[in-house]
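Colleague: Contents of my_file28.pdb (PDB, C-alpha atoms, pLDDT in the B column) are below:
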```
ATOM      1  CA  LEU Z1018      19.366 -12.571  16.053  1.00 27.00           C
ATOM      2  CA  CYS Z1019      20.048 -14.203  12.699  1.00 30.00           C
ATOM      3  CA  ASP Z1020      18.512 -17.484  13.875  1.00 29.00           C
ATOM      4  CA  ALA Z1021      15.257 -15.674  14.564  1.00 30.00           C
ATOM      5  CA  ILE Z1022      14.981 -13.981  11.173  1.00 34.00           C
ATOM      6  CA  THR Z1023      12.880 -15.479   8.384  1.00 36.00           C
ATOM      7  CA  GLN Z1024      14.116 -14.931   4.828  1.00 39.00           C
ATOM      8  CA  LEU Z1025      11.639 -13.731   2.225  1.00 40.00           C
ATOM      9  CA  GLY Z1026      11.896 -12.269  -1.270  1.00 41.00           C
ATOM     10  CA  SER Z1027      13.291 -13.572  -4.533  1.00 40.00           C
ATOM     11  CA  GLU Z1028      16.670 -14.477  -5.988  1.00 39.00           C
ATOM     12  CA  ASN Z1029      16.736 -11.382  -8.187  1.00 37.00           C
ATOM     13  CA  PHE Z1030      16.488  -8.804  -5.415  1.00 39.00           C
ATOM     14  CA  PRO Z1031      18.463  -8.034  -2.259  1.00 39.00           C
ATOM     15  CA  ALA Z1032      17.522 -10.478   0.470  1.00 38.00           C
ATOM     16  CA  LEU Z1033      14.495  -9.319   2.408  1.00 41.00           C
ATOM     17  CA  TYR Z1034      13.855 -10.325   5.985  1.00 41.00           C
ATOM     18  CA  VAL Z1035      11.132  -9.752   8.529  1.00 43.00           C
ATOM     19  CA  HIS Z1036      11.610 -10.254  12.248  1.00 40.00           C
ATOM     20  CA  GLU Z1037       8.278 -10.291  14.056  1.00 40.00           C
ATOM     21  CA  ASN Z1038       9.317 -10.070  17.708  1.00 34.00           C
ATOM     22  CA  LEU Z1039      11.595  -7.045  17.872  1.00 34.00           C
ATOM     23  CA  PRO Z1040      10.219  -3.926  19.564  1.00 34.00           C
ATOM     24  CA  GLY Z1041      10.070  -0.575  17.840  1.00 46.00           C
ATOM     25  CA  GLU Z1042       9.170   0.643  14.381  1.00 52.00           C
ATOM     26  CA  THR Z1043      10.093  -0.852  11.037  1.00 50.00           C
ATOM     27  CA  SER Z1044      13.680  -0.347   9.960  1.00 51.00           C
ATOM     28  CA  ALA Z1045      16.002  -1.312   7.128  1.00 51.00           C
ATOM     29  CA  ILE Z1046      19.517  -2.588   7.786  1.00 50.00           C
ATOM     30  CA  GLU Z1047      21.908  -2.626   4.834  1.00 51.00           C
ATOM     31  CA  SER Z1048      25.241  -4.409   4.539  1.00 47.00           C
ATOM     32  CA  ASP Z1049      27.589  -5.030   1.620  1.00 48.00           C
ATOM     33  CA  THR Z1050      25.781  -8.173   0.561  1.00 45.00           C
ATOM     34  CA  LYS Z1051      22.172  -7.918   1.707  1.00 48.00           C
ATOM     35  CA  VAL Z1052      19.383  -5.804   3.116  1.00 50.00           C
ATOM     36  CA  MET Z1053      17.268  -6.727   6.111  1.00 52.00           C
ATOM     37  CA  ILE Z1054      13.848  -5.253   6.795  1.00 52.00           C
ATOM     38  CA  VAL Z1055      13.107  -5.517  10.499  1.00 54.00           C
ATOM     39  CA  ALA Z1056       9.580  -4.971  11.799  1.00 52.00           C
ATOM     40  CA  GLU Z1057       7.684  -5.712  14.959  1.00 55.00           C
ATOM     41  CA  MET Z1058       4.549  -7.857  14.813  1.00 51.00           C
ATOM     42  CA  PRO Z1059       1.898  -5.201  15.501  1.00 55.00           C
ATOM     43  CA  ALA Z1060      -1.019  -5.673  17.834  1.00 60.00           C
ATOM     44  CA  GLY Z1061      -4.315  -3.854  17.391  1.00 64.00           C
ATOM     45  CA  ILE Z1062      -7.364  -4.285  15.193  1.00 70.00           C
ATOM     46  CA  ALA Z1063      -7.137  -4.820  11.436  1.00 69.00           C
ATOM     47  CA  LEU Z1064      -8.914  -2.227   9.329  1.00 79.00           C
ATOM     48  CA  GLN Z1065     -10.628  -4.922   7.239  1.00 67.00           C
ATOM     49  CA  PRO Z1066     -13.340  -5.908   9.788  1.00 62.00           C
ATOM     50  CA  GLU Z1067     -14.143  -2.244  10.317  1.00 64.00           C
ATOM     51  CA  LEU Z1068     -14.869  -1.875   6.607  1.00 68.00           C
ATOM     52  CA  VAL Z1069     -17.156  -4.891   6.687  1.00 55.00           C
ATOM     53  CA  ASN Z1070     -19.157  -3.184   9.434  1.00 56.00           C
ATOM     54  CA  GLY Z1071     -19.999  -0.242   7.196  1.00 57.00           C
ATOM     55  CA  ILE Z1072     -18.775   2.958   5.553  1.00 66.00           C
ATOM     56  CA  ILE Z1073     -16.491   5.144   7.663  1.00 77.00           C
ATOM     57  CA  LYS Z1074     -17.713   8.701   8.323  1.00 85.00           C
ATOM     58  CA  ILE Z1075     -15.771  11.498   6.636  1.00 88.00           C
ATOM     59  CA  GLU Z1076     -14.423  12.920   9.913  1.00 87.00           C
ATOM     60  CA  SER Z1077     -13.114   9.515  10.939  1.00 88.00           C
ATOM     61  CA  PHE Z1078     -11.865   8.872   7.410  1.00 92.00           C
ATOM     62  CA  LEU Z1079      -9.675  11.972   7.399  1.00 94.00           C
ATOM     63  CA  SER Z1080      -8.128  11.180  10.766  1.00 91.00           C
ATOM     64  CA  LEU Z1081      -7.435   7.573   9.782  1.00 91.00           C
ATOM     65  CA  ALA Z1082      -6.218   8.466   6.286  1.00 95.00           C
ATOM     66  CA  ILE Z1083      -3.726  10.966   7.697  1.00 95.00           C
ATOM     67  CA  SER Z1084      -2.422   8.435  10.231  1.00 93.00           C
ATOM     68  CA  VAL Z1085      -1.985   5.744   7.579  1.00 94.00           C
ATOM     69  CA  THR Z1086      -0.319   8.120   5.138  1.00 96.00           C
ATOM     70  CA  ARG Z1087       2.123   9.296   7.804  1.00 95.00           C
ATOM     71  CA  LYS Z1088       3.171   5.676   8.366  1.00 93.00           C
ATOM     72  CA  ILE Z1089       3.580   5.086   4.647  1.00 94.00           C
ATOM     73  CA  LYS Z1090       5.680   8.240   4.404  1.00 94.00           C
ATOM     74  CA  GLN Z1091       7.893   6.886   7.191  1.00 91.00           C
ATOM     75  CA  ILE Z1092       8.269   3.520   5.436  1.00 90.00           C
ATOM     76  CA  HIS Z1093       9.095   5.173   2.110  1.00 91.00           C
ATOM     77  CA  SER Z1094      11.668   7.426   3.803  1.00 89.00           C
ATOM     78  CA  MET Z1095      13.608   4.234   4.587  1.00 84.00           C
ATOM     79  CA  ASN Z1096      13.529   3.295   0.873  1.00 84.00           C
ATOM     80  CA  ILE Z1097      11.067   0.485   1.544  1.00 86.00           C
ATOM     81  CA  ILE Z1098       8.192  -0.205  -0.857  1.00 89.00           C
ATOM     82  CA  HIS Z1099       5.498  -2.263   0.869  1.00 89.00           C
ATOM     83  CA  GLY Z1100       3.993  -3.763  -2.300  1.00 87.00           C
ATOM     84  CA  GLU Z1101       1.058  -5.516  -0.593  1.00 87.00           C
ATOM     85  CA  LEU Z1102      -0.933  -2.768   1.107  1.00 92.00           C
ATOM     86  CA  CYS Z1103      -4.489  -3.785   1.911  1.00 92.00           C
ATOM     87  CA  PRO Z1104      -6.889  -3.234   4.850  1.00 91.00           C
ATOM     88  CA  THR Z1105      -5.783  -6.469   6.522  1.00 88.00           C
ATOM     89  CA  PHE Z1106      -2.270  -5.060   6.970  1.00 89.00           C
ATOM     90  CA  ILE Z1107      -3.389  -1.766   8.520  1.00 90.00           C
ATOM     91  CA  ARG Z1108      -3.635  -2.259  12.262  1.00 86.00           C
ATOM     92  CA  MET Z1109      -5.488   0.228  14.451  1.00 83.00           C
ATOM     93  CA  LEU Z1110      -4.464   0.824  18.062  1.00 78.00           C
ATOM     94  CA  PRO Z1111      -7.506   2.668  19.506  1.00 71.00           C
ATOM     95  CA  ARG Z1112      -6.064   3.202  22.981  1.00 66.00           C
ATOM     96  CA  LYS Z1113      -2.966   4.892  21.570  1.00 58.00           C
ATOM     97  CA  ASN Z1114      -4.808   6.552  18.672  1.00 65.00           C
ATOM     98  CA  ASP Z1115      -2.126   5.093  16.440  1.00 80.00           C
ATOM     99  CA  ILE Z1116      -1.666   2.989  13.316  1.00 84.00           C
ATOM    100  CA  LYS Z1117       0.741   0.151  12.562  1.00 86.00           C
ATOM    101  CA  ILE Z1118       1.535  -1.321   9.161  1.00 88.00           C
ATOM    102  CA  SER Z1119       2.163  -5.064   8.845  1.00 85.00           C
ATOM    103  CA  GLY Z1120       2.352  -7.534   5.963  1.00 83.00           C
ATOM    104  CA  PHE Z1121       5.971  -7.013   4.888  1.00 79.00           C
ATOM    105  CA  GLY Z1122       6.589 -10.088   2.792  1.00 72.00           C
ATOM    106  CA  PRO Z1123       7.651 -11.483  -0.603  1.00 68.00           C
ATOM    107  CA  PHE Z1124       6.557  -8.363  -2.500  1.00 70.00           C
ATOM    108  CA  THR Z1125       8.176  -5.843  -0.181  1.00 77.00           C
ATOM    109  CA  TRP Z1126      11.171  -4.236  -1.844  1.00 74.00           C
ATOM    110  CA  TYR Z1127      14.100  -2.223  -0.619  1.00 69.00           C
ATOM    111  CA  ARG Z1128      14.882   0.500  -3.154  1.00 66.00           C
ATOM    112  CA  HIS Z1129      18.539   1.442  -3.203  1.00 60.00           C
ATOM    113  CA  PRO Z1130      18.817   5.152  -2.316  1.00 57.00           C
ATOM    114  CA  MET Z1131      20.676   5.857  -5.577  1.00 47.00           C
ATOM    115  CA  LYS Z1132      17.934   4.305  -7.737  1.00 57.00           C
ATOM    116  CA  ALA Z1133      14.606   6.077  -8.184  1.00 57.00           C
ATOM    117  CA  CYS Z1134      12.861   2.965  -9.536  1.00 62.00           C
ATOM    118  CA  PHE Z1135      13.498  -0.550 -10.845  1.00 55.00           C
ATOM    119  CA  SER Z1136      12.079  -3.094 -13.268  1.00 60.00           C
ATOM    120  CA  LEU Z1137      10.561  -6.463 -12.461  1.00 59.00           C
ATOM    121  CA  SER Z1138      11.156  -9.607 -14.473  1.00 56.00           C
ATOM    122  CA  PRO Z1139       8.082 -11.818 -15.080  1.00 49.00           C
ATOM    123  CA  GLY Z1140       9.185 -14.224 -12.363  1.00 51.00           C
ATOM    124  CA  ASP Z1141       9.245 -11.466  -9.761  1.00 59.00           C
ATOM    125  CA  LEU Z1142       5.696 -10.236 -10.346  1.00 60.00           C
ATOM    126  CA  PRO Z1143       3.287 -10.896  -7.467  1.00 60.00           C
ATOM    127  CA  LEU Z1144       0.905 -12.995  -9.582  1.00 60.00           C
ATOM    128  CA  SER Z1145       3.706 -15.404 -10.495  1.00 57.00           C
ATOM    129  CA  HIS Z1146       4.748 -16.020  -6.883  1.00 58.00           C
ATOM    130  CA  PRO Z1147       3.575 -19.285  -5.241  1.00 54.00           C
ATOM    131  CA  ASP Z1148       2.736 -17.396  -2.038  1.00 59.00           C
ATOM    132  CA  PHE Z1149       0.624 -14.758  -3.798  1.00 63.00           C
ATOM    133  CA  ASN Z1150      -2.287 -13.759  -1.568  1.00 67.00           C
ATOM    134  CA  LYS Z1151      -5.427 -13.046  -3.595  1.00 75.00           C
ATOM    135  CA  GLN Z1152      -6.750 -10.727  -0.905  1.00 81.00           C
ATOM    136  CA  ILE Z1153      -4.447  -8.005  -2.244  1.00 87.00           C
ATOM    137  CA  MET Z1154      -5.940  -8.141  -5.763  1.00 89.00           C
ATOM    138  CA  PRO Z1155      -8.496  -5.332  -5.203  1.00 93.00           C
ATOM    139  CA  TYR Z1156      -5.596  -3.094  -4.116  1.00 94.00           C
ATOM    140  CA  LEU Z1157      -2.851  -4.073  -6.598  1.00 91.00           C
ATOM    141  CA  SER Z1158      -1.383  -1.228  -8.653  1.00 93.00           C
ATOM    142  CA  PRO Z1159      -1.433  -1.470 -12.471  1.00 93.00           C
ATOM    143  CA  GLU Z1160       2.364  -1.461 -12.663  1.00 88.00           C
ATOM    144  CA  LEU Z1161       2.526  -4.616 -10.523  1.00 84.00           C
ATOM    145  CA  SER Z1162       0.161  -6.450 -12.876  1.00 82.00           C
ATOM    146  CA  GLY Z1163       2.826  -7.268 -15.449  1.00 75.00           C
ATOM    147  CA  LYS Z1164       0.522  -5.907 -18.168  1.00 75.00           C
ATOM    148  CA  LEU Z1165       2.277  -2.544 -18.448  1.00 75.00           C
ATOM    149  CA  ASN Z1166       5.871  -1.699 -19.273  1.00 73.00           C
ATOM    150  CA  GLN Z1167       6.374   0.514 -16.220  1.00 76.00           C
ATOM    151  CA  LYS Z1168       9.109   0.615 -13.624  1.00 80.00           C
ATOM    152  CA  ILE Z1169       8.288   0.138  -9.942  1.00 83.00           C
ATOM    153  CA  ASP Z1170       8.618   2.791  -7.275  1.00 89.00           C
ATOM    154  CA  ALA Z1171       6.854   3.939  -4.106  1.00 92.00           C
ATOM    155  CA  ARG Z1172       3.904   5.273  -6.087  1.00 94.00           C
ATOM    156  CA  CYS Z1173       2.565   1.718  -6.381  1.00 94.00           C
ATOM    157  CA  ASP Z1174       1.827   1.935  -2.633  1.00 95.00           C
ATOM    158  CA  LEU Z1175      -0.027   5.208  -3.207  1.00 98.00           C
ATOM    159  CA  TYR Z1176      -2.327   3.500  -5.715  1.00 97.00           C
ATOM    160  CA  SER Z1177      -3.054   0.823  -3.119  1.00 97.00           C
ATOM    161  CA  LEU Z1178      -3.815   3.566  -0.603  1.00 97.00           C
ATOM    162  CA  GLY Z1179      -6.279   5.015  -3.100  1.00 98.00           C
ATOM    163  CA  CYS Z1180      -8.091   1.673  -3.295  1.00 97.00           C
ATOM    164  CA  ILE Z1181      -8.194   1.459   0.514  1.00 95.00           C
ATOM    165  CA  PHE Z1182      -9.433   5.044   0.901  1.00 96.00           C
ATOM    166  CA  TYR Z1183     -12.085   4.395  -1.772  1.00 96.00           C
ATOM    167  CA  GLU Z1184     -13.345   1.410   0.189  1.00 93.00           C
ATOM    168  CA  MET Z1185     -13.345   3.371   3.443  1.00 92.00           C
ATOM    169  CA  ILE Z1186     -15.636   5.994   1.894  1.00 93.00           C
ATOM    170  CA  CYS Z1187     -17.747   3.968  -0.551  1.00 92.00           C
ATOM    171  CA  GLY Z1188     -17.980   0.638   1.275  1.00 90.00           C
ATOM    172  CA  GLU Z1189     -16.196  -1.383  -1.413  1.00 92.00           C
ATOM    173  CA  PRO Z1190     -12.957  -1.199  -3.412  1.00 94.00           C
ATOM    174  CA  PRO Z1191     -13.059   0.522  -6.818  1.00 96.00           C
ATOM    175  CA  PHE Z1192     -12.906  -2.868  -8.527  1.00 94.00           C
ATOM    176  CA  ASN Z1193     -14.625  -5.545  -6.484  1.00 83.00           C
ATOM    177  CA  MET Z1194     -14.519  -8.882  -8.298  1.00 76.00           C
ATOM    178  CA  THR Z1195     -13.610 -12.386  -7.195  1.00 71.00           C
ATOM    179  CA  ASP Z1196     -12.175 -13.266 -10.620  1.00 78.00           C
ATOM    180  CA  THR Z1197      -8.425 -12.589 -10.534  1.00 77.00           C
ATOM    181  CA  SER Z1198      -7.939 -11.937 -14.248  1.00 79.00           C
ATOM    182  CA  GLY Z1199     -11.072  -9.798 -14.345  1.00 86.00           C
ATOM    183  CA  VAL Z1200     -10.067  -7.459 -11.534  1.00 88.00           C
ATOM    184  CA  LEU Z1201      -6.523  -7.277 -12.909  1.00 85.00           C
ATOM    185  CA  HIS Z1202      -7.884  -6.092 -16.246  1.00 89.00           C
ATOM    186  CA  LEU Z1203      -9.972  -3.420 -14.503  1.00 93.00           C
ATOM    187  CA  HIS Z1204      -6.963  -2.082 -12.595  1.00 93.00           C
ATOM    188  CA  VAL Z1205      -5.104  -1.704 -15.880  1.00 92.00           C
ATOM    189  CA  ALA Z1206      -7.804  -0.621 -18.324  1.00 92.00           C
ATOM    190  CA  LYS Z1207     -10.924   0.781 -16.637  1.00 94.00           C
ATOM    191  CA  ASP Z1208     -11.423   4.028 -14.736  1.00 95.00           C
ATOM    192  CA  PRO Z1209     -13.283   3.565 -11.440  1.00 96.00           C
ATOM    193  CA  VAL Z1210     -16.576   5.305 -10.772  1.00 97.00           C
ATOM    194  CA  PRO Z1211     -15.664   8.620  -9.106  1.00 97.00           C
ATOM    195  CA  VAL Z1212     -16.150   8.689  -5.346  1.00 96.00           C
ATOM    196  CA  ILE Z1213     -18.469  11.679  -5.579  1.00 96.00           C
ATOM    197  CA  LYS Z1214     -20.797   9.818  -7.971  1.00 97.00           C
ATOM    198  CA  LYS Z1215     -21.105   6.865  -5.606  1.00 94.00           C
ATOM    199  CA  CYS Z1216     -21.326   9.047  -2.495  1.00 93.00           C
ATOM    200  CA  PRO Z1217     -22.608  12.538  -3.435  1.00 95.00           C
ATOM    201  CA  GLU Z1218     -22.339  13.717   0.168  1.00 94.00           C
ATOM    202  CA  VAL Z1219     -18.545  13.425   0.078  1.00 95.00           C
ATOM    203  CA  PRO Z1220     -16.760  16.793  -0.330  1.00 96.00           C
ATOM    204  CA  PRO Z1221     -15.433  17.130  -3.911  1.00 97.00           C
ATOM    205  CA  VAL Z1222     -11.899  17.790  -2.688  1.00 97.00           C
ATOM    206  CA  ILE Z1223     -11.794  14.427  -0.892  1.00 97.00           C
ATOM    207  CA  SER Z1224     -13.159  12.669  -3.963  1.00 97.00           C
ATOM    208  CA  ASP Z1225     -10.458  14.355  -6.045  1.00 98.00           C
ATOM    209  CA  ILE Z1226      -7.716  13.210  -3.652  1.00 98.00           C
ATOM    210  CA  VAL Z1227      -8.816   9.579  -3.841  1.00 98.00           C
ATOM    211  CA  MET Z1228      -9.277   9.636  -7.603  1.00 98.00           C
ATOM    212  CA  ASN Z1229      -5.808  11.137  -8.068  1.00 98.00           C
ATOM    213  CA  LEU Z1230      -4.336   8.199  -6.144  1.00 98.00           C
ATOM    214  CA  LEU Z1231      -6.158   5.855  -8.530  1.00 98.00           C
ATOM    215  CA  GLU Z1232      -4.599   7.235 -11.709  1.00 97.00           C
ATOM    216  CA  LYS Z1233      -3.321   4.405 -13.917  1.00 96.00           C
ATOM    217  CA  ASN Z1234      -0.150   6.271 -14.830  1.00 94.00           C
ATOM    218  CA  PRO Z1235       2.136   6.793 -11.804  1.00 94.00           C
ATOM    219  CA  GLU Z1236       3.221  10.133 -13.270  1.00 94.00           C
ATOM    220  CA  SER Z1237      -0.359  11.384 -12.881  1.00 96.00           C
ATOM    221  CA  ARG Z1238      -0.686  10.343  -9.229  1.00 97.00           C
ATOM    222  CA  TYR Z1239       0.607  12.032  -6.131  1.00 97.00           C
ATOM    223  CA  GLN Z1240       4.354  11.753  -6.464  1.00 96.00           C
ATOM    224  CA  ASP Z1241       4.978  11.005  -2.795  1.00 96.00           C
ATOM    225  CA  ALA Z1242       3.217  10.581   0.531  1.00 97.00           C
ATOM    226  CA  GLU Z1243       4.219  14.083   1.631  1.00 97.00           C
ATOM    227  CA  ALA Z1244       2.173  15.696  -1.155  1.00 98.00           C
ATOM    228  CA  LEU Z1245      -0.768  13.464  -0.244  1.00 98.00           C
ATOM    229  CA  LEU Z1246      -0.465  14.443   3.421  1.00 98.00           C
ATOM    230  CA  THR Z1247      -0.506  18.144   2.540  1.00 98.00           C
ATOM    231  CA  ASP Z1248      -3.826  17.780   0.725  1.00 98.00           C
ATOM    232  CA  LEU Z1249      -5.363  15.595   3.444  1.00 98.00           C
ATOM    233  CA  TYR Z1250      -4.441  18.141   6.113  1.00 97.00           C
ATOM    234  CA  SER Z1251      -6.022  20.908   4.034  1.00 97.00           C
ATOM    235  CA  CYS Z1252      -9.391  19.112   4.331  1.00 96.00           C
ATOM    236  CA  ILE Z1253      -9.513  19.276   8.126  1.00 90.00           C
TER     237      ILE Z1253
END
```
Translate the structure of the given file into structure tokens.
Modeller:
Amino acid sequence: LCDAITQLGSENFPALYVHENLPGETSAIESDTKVMIVAEMPAGIALQPELVNGIIKIESFLSLAISVTRKIKQIHSMNIIHGELCPTFIRMLPRKNDIKISGFGPFTWYRHPMKACFSLSPGDLPLSHPDFNKQIMPYLSPELSGKLNQKIDARCDLYSLGCIFYEMICGEPPFNMTDTSGVLHLHVAKDPVPVIKKCPEVPPVISDIVMNLLEKNPESRYQDAEALLTDLYSCI
């Protein structure tokens, strides 16, 4: 098994691993010296091409948003912070009416159960990593920018979900620029146009849910995926 595992992550964090051929859901395996994150390589259709094809209807949005949030809740329950959520890493399985999450990589962290959050040194920030993928920039939380003195916890994934949900409804992310420094500044300093202003036909409660996820301060966002799920279910 060890020969088939690829090491990822940085020197300053517990070793992170992804194994792409094991069956079953994502899991975390902890020993005295390291942590392994084990995940299957999911099949299915990436969400990204679906967004290119047009805005998702509200009924379909709610169903998909609930499915994605349930998966994120499951990942967070294992003390895993994805760190790179974007539409490319959300895989849809239409025949099973299911969702898979992929993309566990250098910016996926295992949070020790006894620690609510942790700090990142400049060398551990996504933008400083040689394998940084610019496709995650429109979905990167302010606290992962390195511009704010904020600790990292699972709420960074909830911000990314907000960006994804915004794109599902409005047809583009809240901050849609090709310039890396420009979009980073917007994540940190500028409030996005409210969903309901871009798409007046969207129910106000759904707009409020998405805009709450996009709060700059993690303390002002949903505090966990369970709270987000409760509000999403109330919209059905």
Colleague: Can you list what the PyMOL selection byres ((chain Z and resi 1187) around 8) grabs from this structure, as an mmCIF file with C-alpha atoms, in the frame of the given file?
Modeller:
```cif
data_model
loop_
_atom_site.group_PDB
_atom_site.id
_atom_site.type_symbol
_atom_site.label_atom_id
_atom_site.label_comp_id
_atom_site.auth_asym_id
_atom_site.auth_seq_id
_atom_site.Cartn_x
_atom_site.Cartn_y
_atom_site.Cartn_z
ATOM 1 C CA ILE Z 1072 -18.775 2.958 5.553
ATOM 2 C CA TYR Z 1183 -12.085 4.395 -1.772
ATOM 3 C CA GLU Z 1184 -13.345 1.410 0.189
ATOM 4 C CA MET Z 1185 -13.345 3.371 3.443
ATOM 5 C CA ILE Z 1186 -15.636 5.994 1.894
ATOM 6 C CA GLY Z 1188 -17.980 0.638 1.275
ATOM 7 C CA GLU Z 1189 -16.196 -1.383 -1.413
ATOM 8 C CA PRO Z 1190 -12.957 -1.199 -3.412
ATOM 9 C CA VAL Z 1212 -16.150 8.689 -5.346
ATOM 10 C CA LYS Z 1215 -21.105 6.865 -5.606
ATOM 11 C CA CYS Z 1216 -21.326 9.047 -2.495
#
```
Colleague: When the PyMOL selection byres ((chain Z and resi 1087) around 12) is applied to the structure above, which residues does it catch, written out as a list in words?
Modeller: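 With the PyMOL selection byres ((chain Z and resi 1087) around 12) on this model, the match is Ser1080, Leu1081, Ala1082, Ile1083, Ser1084, Val1085, Thr1086, Lys1088, Ile1089, Lys1090, Gln1091, Ile1092, His1093, Ser1094, Asp1115, Ile1116, Lys1117, Ile1118, Leu1175, Leu1178, Asp1241, Ala1242, Glu1243, Ala1244, Leu1245, Leu1246, Thr1247, Leu1249 and Tyr1250 of chain Z.
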Colleague: In Å, rounded to a single decimal, give me how far atom CA of Leu1079 of chain Z is from atom CA of Asp1225 of chain Z.
Modeller: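 Distance reported for this atom pair: 13.7 Å.
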Colleague: Work out how far atom CA of Ser1251 of chain Z is from atom CA of Pro1211 of chain Z, in Å to one decimal.
Modeller: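 Atom CA of Ser1251 of chain Z lies at a distance of 20.4 Å from atom CA of Pro1211 of chain Z.
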Colleague: What does the distance from atom CA of Met1154 of chain Z to atom CA of Gly1120 of chain Z come to in Å, to one decimal?
Modeller: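 These two atoms are separated by 14.4 Å.
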Colleague: Using all atoms listed in the file, can you tell me which of Z:Pro1155, Z:His1202, Z:Asp1174, Z:Phe1078 comes closest to Phe1124 of chain Z?
Modeller: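 Closest to Phe1124 of chain Z of all the choices is Z:Asp1174.
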Colleague: Smallest atom-to-atom distance to Leu1110 of chain Z: which of Z:Leu1157, Z:Val1222, Z:Ala1206, Z:Ile1062, using only C-alpha atoms?
Modeller: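 For Leu1110 of chain Z, the nearest of the given residues is Z:Ile1062.
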Colleague: Skip Asp1196 of chain Z itself and residues of its chain fewer than 3 positions away, then list as a list in words all residues within 12 Å of it, counting all atoms listed in the file.
Modeller: Lys1151, Gln1152, Met1154, Pro1155, Phe1192, Asn1193, Gly1199, Val1200, Leu1201, His1202 and Leu1203 of chain Z
Colleague: What residues come out when you apply the PyMOL selection byres ((chain Z and resi 1153) around 10) to this file, written as a VMD selection string?
Modeller: chain Z and resid 1100 to 1106 1143 1149 to 1152 1154 to 1158 1177
Colleague: In terms of the shortest atom-to-atom distance over all atoms listed in the file, which of Z:Leu1165, Z:Leu1231, Z:His1099, Z:Pro1111 is closest to Trp1126 of chain Z?
Modeller: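 Looking at the shortest contact to Trp1126 of chain Z, the residue is Z:His1099.
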Colleague: Would you mind completing segment 1166-1178 of chain Z to N, CA and C atoms and writing the output as a short mmCIF file (atom, residue, chain, number, x, y, z; two decimals), keeping the file's coordinate frame?
Modeller:
```
data_model
loop_
_atom_site.label_atom_id
_atom_site.label_comp_id
_atom_site.auth_asym_id
_atom_site.auth_seq_id
_atom_site.Cartn_x
_atom_site.Cartn_y
_atom_site.Cartn_z
N ASN Z 1166 4.41 -1.83 -19.27
CA ASN Z 1166 5.87 -1.70 -19.27
C ASN Z 1166 6.25 -0.47 -18.43
N GLN Z 1167 6.09 -0.60 -17.12
CA GLN Z 1167 6.37 0.51 -16.22
C GLN Z 1167 7.31 0.05 -15.11
N LYS Z 1168 8.21 0.92 -14.72
CA LYS Z 1168 9.11 0.62 -13.62
C LYS Z 1168 8.37 0.77 -12.30
N ILE Z 1169 8.92 0.17 -11.26
CA ILE Z 1169 8.29 0.14 -9.94
C ILE Z 1169 8.94 1.16 -9.02
N ASP Z 1170 8.12 1.92 -8.33
CA ASP Z 1170 8.62 2.79 -7.28
C ASP Z 1170 7.54 2.93 -6.21
N ALA Z 1171 7.75 3.83 -5.26
CA ALA Z 1171 6.85 3.94 -4.11
C ALA Z 1171 5.44 4.35 -4.48
N ARG Z 1172 5.25 4.85 -5.68
CA ARG Z 1172 3.90 5.27 -6.09
C ARG Z 1172 2.95 4.10 -6.24
N CYS Z 1173 3.48 2.87 -6.35
CA CYS Z 1173 2.56 1.72 -6.38
C CYS Z 1173 1.83 1.60 -5.04
N ASP Z 1174 2.49 1.94 -3.94
CA ASP Z 1174 1.83 1.94 -2.63
C ASP Z 1174 0.75 3.01 -2.56
N LEU Z 1175 0.97 4.14 -3.24
CA LEU Z 1175 -0.03 5.21 -3.21
C LEU Z 1175 -1.30 4.79 -3.96
N TYR Z 1176 -1.14 4.04 -5.04
CA TYR Z 1176 -2.33 3.50 -5.72
C TYR Z 1176 -3.11 2.59 -4.77
N SER Z 1177 -2.39 1.72 -4.07
CA SER Z 1177 -3.05 0.82 -3.12
C SER Z 1177 -3.78 1.62 -2.04
N LEU Z 1178 -3.15 2.69 -1.57
CA LEU Z 1178 -3.82 3.57 -0.60
C LEU Z 1178 -5.10 4.13 -1.18
#
```
